[in-house]
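Step one of this worksheet: look at the structure below.
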Amino acid sequence: MSDLKKILLQLRSKSVIVSCNGFKMGWQFIISEPFDEMDINPSFQQIDNCIEAICLLYSCPVAHELDFTTITKNCFQSKLAHLAAALLPFLNEFDKKFVLETINQKYQIEELMENLNHLSSKGVLTVMHVSYNKCIFKNYILF
């Protein structure tokens, strides 16, 4: 996998290759794999692997084309809602709605914000603003 990751990162600026289906499949694999391998009670290493995958998304030219449905479900199954929240900028409308509704129904916003702050120290871009008892992550509102 590390060889694939190196190759995809080197090729991300080649417009002819970016439109190739194999390129997208490669990115889907390197982003999905850490989440697919995560246990219900993940180890610190498994969590770090997922955080690394999220950080790779900022360099992924096809991030908006990837499928995050299974990834977000794995985050919630492993009780890592903050990882699902960190994926919000990359999700399609259906997955955004699923993540926001799940967080709203099942998670404490204060704890989620703490965990997102911790993610930002590991290189995950998170923008939070608190006002009027609402939490805003980028342009997404949780209530």
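Residues are referred to by chain and number: the chain letter is A, B, ... according to the order shown in the structure tokens, the number counts from 1 in that chain, and ligands are numbered separately from 1 in the order shown.
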
Could you give me the residues within range 72-123 of chain A that DSSP places in helix (DSSP H, G or I), as number ranges by chain?
A: 72-77, 81-86, 88-90, 93-106, 109-120

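Atom pair CA of Ser78 in chain A / CA of Pro61 in chain A has a distance of 27.8 Å (rounded to one decimal).
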
Find the spatial neighbours of Gln77 in chain A, counting only C-alpha atoms, within a cut-off of 10 Å - ignore same-chain residues fewer than 3 positions away - and output them as an NGL selection string.
:A and (38-41 or 71-74 or 80-81)

Can you list, as a PyMOL selection string, every protein, DNA or RNA residue that comes within 8 Å of range 106-119 of chain A when you count only C-alpha atoms, leaving out same-chain residues fewer than 2 positions away?
chain A and resi 51+81-83+86+102-104+121-126+128+135

Selection above as a file: N, CA, C and O atoms, as an mmCIF file, in the first residue's frame:
data_model
loop_
_atom_site.group_PDB
_atom_site.id
_atom_site.type_symbol
_atom_site.label_atom_id
_atom_site.label_comp_id
_atom_site.auth_asym_id
_atom_site.auth_seq_id
_atom_site.Cartn_x
_atom_site.Cartn_y
_atom_site.Cartn_z
ATOM 1 N N ILE A 51 -6.489 8.690 10.680
ATOM 2 C CA ILE A 51 -6.174 10.120 10.659
ATOM 3 C C ILE A 51 -5.242 10.435 9.499
ATOM 4 O O ILE A 51 -5.432 11.430 8.792
ATOM 5 N N ALA A 81 -16.980 9.322 16.145
ATOM 6 C CA ALA A 81 -17.796 10.292 15.412
ATOM 7 C C ALA A 81 -16.967 11.476 14.933
ATOM 8 O O ALA A 81 -17.261 12.057 13.884
ATOM 9 N N HIS A 82 -15.928 11.832 15.674
ATOM 10 C CA HIS A 82 -15.103 12.975 15.272
ATOM 11 C C HIS A 82 -14.378 12.702 13.953
ATOM 12 O O HIS A 82 -14.147 13.631 13.184
ATOM 13 N N LEU A 83 -14.070 11.440 13.668
ATOM 14 C CA LEU A 83 -13.460 11.130 12.366
ATOM 15 C C LEU A 83 -14.483 11.313 11.251
ATOM 16 O O LEU A 83 -14.167 11.849 10.187
ATOM 17 N N ALA A 86 -14.824 14.970 10.663
ATOM 18 C CA ALA A 86 -13.672 15.517 9.936
ATOM 19 C C ALA A 86 -13.782 15.267 8.436
ATOM 20 O O ALA A 86 -13.155 15.968 7.636
ATOM 21 N N THR A 102 -26.705 11.565 12.539
ATOM 22 C CA THR A 102 -26.198 10.593 13.506
ATOM 23 C C THR A 102 -25.521 11.291 14.673
ATOM 24 O O THR A 102 -25.752 10.942 15.840
ATOM 25 N N ILE A 103 -24.707 12.294 14.381
ATOM 26 C CA ILE A 103 -24.037 13.048 15.444
ATOM 27 C C ILE A 103 -25.073 13.747 16.322
ATOM 28 O O ILE A 103 -25.004 13.697 17.544
ATOM 29 N N ASN A 104 -26.036 14.365 15.683
ATOM 30 C CA ASN A 104 -27.079 15.091 16.419
ATOM 31 C C ASN A 104 -27.859 14.176 17.357
ATOM 32 O O ASN A 104 -28.178 14.559 18.483
ATOM 33 N N SER A 121 -4.488 18.983 15.918
ATOM 34 C CA SER A 121 -3.084 18.906 16.316
ATOM 35 C C SER A 121 -2.343 17.809 15.555
ATOM 36 O O SER A 121 -1.118 17.763 15.576
ATOM 37 N N LYS A 122 -3.103 16.948 14.868
ATOM 38 C CA LYS A 122 -2.498 15.870 14.082
ATOM 39 C C LYS A 122 -2.539 16.152 12.579
ATOM 40 O O LYS A 122 -2.291 15.271 11.776
ATOM 41 N N GLY A 123 -2.911 17.384 12.217
ATOM 42 C CA GLY A 123 -2.878 17.766 10.811
ATOM 43 C C GLY A 123 -4.198 17.742 10.084
ATOM 44 O O GLY A 123 -4.262 18.026 8.894
ATOM 45 N N VAL A 124 -5.280 17.396 10.772
ATOM 46 C CA VAL A 124 -6.600 17.401 10.141
ATOM 47 C C VAL A 124 -7.162 18.809 10.259
ATOM 48 O O VAL A 124 -7.219 19.370 11.348
ATOM 49 N N LEU A 125 -7.571 19.373 9.138
ATOM 50 C CA LEU A 125 -8.101 20.730 9.129
ATOM 51 C C LEU A 125 -9.527 20.724 9.658
ATOM 52 O O LEU A 125 -10.411 20.102 9.081
ATOM 53 N N THR A 126 -9.733 21.400 10.769
ATOM 54 C CA THR A 126 -11.076 21.530 11.328
ATOM 55 C C THR A 126 -11.292 22.995 11.659
ATOM 56 O O THR A 126 -10.405 23.655 12.184
ATOM 57 N N MET A 128 -13.973 25.312 13.673
ATOM 58 C CA MET A 128 -15.135 25.258 14.552
ATOM 59 C C MET A 128 -15.470 26.653 15.046
ATOM 60 O O MET A 128 -14.597 27.477 15.254
ATOM 61 N N CYS A 135 -23.055 24.280 16.963
ATOM 62 C CA CYS A 135 -21.674 24.060 16.562
ATOM 63 C C CYS A 135 -21.639 24.066 15.045
ATOM 64 O O CYS A 135 -22.424 23.395 14.396
#

To one decimal place, how far is CA of Pro34 in chain A from CA of Asn92 in chain A in Å?
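Distance reported for this atom pair: 20.4 Å.
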
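The coordinates place CA of Phe76 in chain A at 20.5 Å from CA of Leu56 in chain A.
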
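All residues of protein, DNA or RNA that reach within 12 Å of Ser32 in chain A, judged by only C-alpha atoms and not counting those fewer than 4 positions away in the chain, are A:Met1, A:Lys24, A:Met25, A:Gly26, A:Trp27, A:Gln28, A:Asp36, A:Glu37, A:Met38, A:Asn49, A:Cys50, A:Ile51, A:Glu52, A:Ala53, A:Ile54, A:Leu56, A:Leu57, A:Ala63, A:Leu66, A:Asp67, A:Phe68, A:Thr69, A:Thr70, A:Ile71, A:Thr72, A:Lys73, A:Asn74, A:Cys75.
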
Just the selected residues (N, CA and C atoms), exported as a PDB file, in the first residue's frame, please.
ATOM      1  N   MET A   1       0.821  -1.190   0.000  1.00  0.00           N
ATOM      2  CA  MET A   1       0.000   0.000   0.000  1.00  0.00           C
ATOM      3  C   MET A   1       0.866   1.255   0.000  1.00  0.00           C
ATOM      4  N   LYS A  24      -8.627   6.684  -9.644  1.00  0.00           N
ATOM      5  CA  LYS A  24      -9.671   6.870  -8.635  1.00  0.00           C
ATOM      6  C   LYS A  24      -9.772   5.642  -7.734  1.00  0.00           C
ATOM      7  N   MET A  25      -9.700   4.456  -8.319  1.00  0.00           N
ATOM      8  CA  MET A  25      -9.770   3.224  -7.533  1.00  0.00           C
ATOM      9  C   MET A  25      -8.597   3.121  -6.563  1.00  0.00           C
ATOM     10  N   GLY A  26      -7.427   3.560  -6.998  1.00  0.00           N
ATOM     11  CA  GLY A  26      -6.259   3.558  -6.119  1.00  0.00           C
ATOM     12  C   GLY A  26      -6.462   4.470  -4.925  1.00  0.00           C
ATOM     13  N   TRP A  27      -6.971   5.668  -5.172  1.00  0.00           N
ATOM     14  CA  TRP A  27      -7.251   6.601  -4.076  1.00  0.00           C
ATOM     15  C   TRP A  27      -8.322   6.033  -3.155  1.00  0.00           C
ATOM     16  N   GLN A  28      -9.362   5.441  -3.727  1.00  0.00           N
ATOM     17  CA  GLN A  28     -10.422   4.853  -2.902  1.00  0.00           C
ATOM     18  C   GLN A  28      -9.822   3.803  -1.966  1.00  0.00           C
ATOM     19  N   ASP A  36     -11.543   0.318   6.891  1.00  0.00           N
ATOM     20  CA  ASP A  36     -12.023  -1.057   6.734  1.00  0.00           C
ATOM     21  C   ASP A  36     -11.341  -1.997   7.719  1.00  0.00           C
ATOM     22  N   GLU A  37     -10.095  -1.728   8.057  1.00  0.00           N
ATOM     23  CA  GLU A  37      -9.323  -2.589   8.952  1.00  0.00           C
ATOM     24  C   GLU A  37      -9.506  -2.229  10.427  1.00  0.00           C
ATOM     25  N   MET A  38     -10.231  -1.172  10.708  1.00  0.00           N
ATOM     26  CA  MET A  38     -10.415  -0.702  12.075  1.00  0.00           C
ATOM     27  C   MET A  38     -11.342  -1.656  12.841  1.00  0.00           C
ATOM     28  N   ASN A  49      -3.828   5.520  11.697  1.00  0.00           N
ATOM     29  CA  ASN A  49      -3.887   5.196  10.266  1.00  0.00           C
ATOM     30  C   ASN A  49      -5.083   5.877   9.599  1.00  0.00           C
ATOM     31  N   CYS A  50      -6.198   5.940  10.307  1.00  0.00           N
ATOM     32  CA  CYS A  50      -7.383   6.630   9.764  1.00  0.00           C
ATOM     33  C   CYS A  50      -7.141   8.134   9.671  1.00  0.00           C
ATOM     34  N   ILE A  51      -6.489   8.690  10.680  1.00  0.00           N
ATOM     35  CA  ILE A  51      -6.174  10.120  10.659  1.00  0.00           C
ATOM     36  C   ILE A  51      -5.242  10.435   9.499  1.00  0.00           C
ATOM     37  N   GLU A  52      -4.273   9.566   9.255  1.00  0.00           N
ATOM     38  CA  GLU A  52      -3.370   9.759   8.120  1.00  0.00           C
ATOM     39  C   GLU A  52      -4.146   9.737   6.798  1.00  0.00           C
ATOM     40  N   ALA A  53      -5.121   8.832   6.696  1.00  0.00           N
ATOM     41  CA  ALA A  53      -5.942   8.760   5.478  1.00  0.00           C
ATOM     42  C   ALA A  53      -6.732  10.053   5.281  1.00  0.00           C
ATOM     43  N   ILE A  54      -7.283  10.593   6.371  1.00  0.00           N
ATOM     44  CA  ILE A  54      -8.017  11.863   6.264  1.00  0.00           C
ATOM     45  C   ILE A  54      -7.082  12.966   5.796  1.00  0.00           C
ATOM     46  N   LEU A  56      -4.515  12.648   3.922  1.00  0.00           N
ATOM     47  CA  LEU A  56      -4.224  12.423   2.500  1.00  0.00           C
ATOM     48  C   LEU A  56      -5.307  13.008   1.600  1.00  0.00           C
ATOM     49  N   LEU A  57      -6.529  13.098   2.106  1.00  0.00           N
ATOM     50  CA  LEU A  57      -7.623  13.639   1.295  1.00  0.00           C
ATOM     51  C   LEU A  57      -7.352  15.063   0.822  1.00  0.00           C
ATOM     52  N   ALA A  63     -10.994  13.495  -4.534  1.00  0.00           N
ATOM     53  CA  ALA A  63     -11.673  13.301  -3.241  1.00  0.00           C
ATOM     54  C   ALA A  63     -13.186  13.430  -3.379  1.00  0.00           C
ATOM     55  N   LEU A  66     -14.918  10.094  -4.440  1.00  0.00           N
ATOM     56  CA  LEU A  66     -14.777   8.879  -3.651  1.00  0.00           C
ATOM     57  C   LEU A  66     -16.062   8.547  -2.903  1.00  0.00           C
ATOM     58  N   ASP A  67     -16.209   7.284  -2.544  1.00  0.00           N
ATOM     59  CA  ASP A  67     -17.378   6.813  -1.807  1.00  0.00           C
ATOM     60  C   ASP A  67     -17.013   6.720  -0.327  1.00  0.00           C
ATOM     61  N   PHE A  68     -17.705   7.496   0.499  1.00  0.00           N
ATOM     62  CA  PHE A  68     -17.412   7.552   1.930  1.00  0.00           C
ATOM     63  C   PHE A  68     -18.478   6.867   2.788  1.00  0.00           C
ATOM     64  N   THR A  69     -19.460   6.237   2.169  1.00  0.00           N
ATOM     65  CA  THR A  69     -20.566   5.650   2.925  1.00  0.00           C
ATOM     66  C   THR A  69     -20.075   4.614   3.936  1.00  0.00           C
ATOM     67  N   THR A  70     -19.287   3.664   3.494  1.00  0.00           N
ATOM     68  CA  THR A  70     -18.777   2.628   4.392  1.00  0.00           C
ATOM     69  C   THR A  70     -17.807   3.222   5.406  1.00  0.00           C
ATOM     70  N   ILE A  71     -17.012   4.173   4.975  1.00  0.00           N
ATOM     71  CA  ILE A  71     -16.036   4.814   5.872  1.00  0.00           C
ATOM     72  C   ILE A  71     -16.759   5.481   7.041  1.00  0.00           C
ATOM     73  N   THR A  72     -17.794   6.257   6.760  1.00  0.00           N
ATOM     74  CA  THR A  72     -18.497   6.952   7.841  1.00  0.00           C
ATOM     75  C   THR A  72     -19.214   5.960   8.752  1.00  0.00           C
ATOM     76  N   LYS A  73     -19.784   4.909   8.191  1.00  0.00           N
ATOM     77  CA  LYS A  73     -20.430   3.885   9.021  1.00  0.00           C
ATOM     78  C   LYS A  73     -19.415   3.212   9.930  1.00  0.00           C
ATOM     79  N   ASN A  74     -18.214   2.946   9.418  1.00  0.00           N
ATOM     80  CA  ASN A  74     -17.161   2.350  10.241  1.00  0.00           C
ATOM     81  C   ASN A  74     -16.752   3.289  11.374  1.00  0.00           C
ATOM     82  N   CYS A  75     -16.716   4.590  11.101  1.00  0.00           N
ATOM     83  CA  CYS A  75     -16.386   5.564  12.151  1.00  0.00           C
ATOM     84  C   CYS A  75     -17.394   5.494  13.286  1.00  0.00           C
TER      85      CYS A  75
END
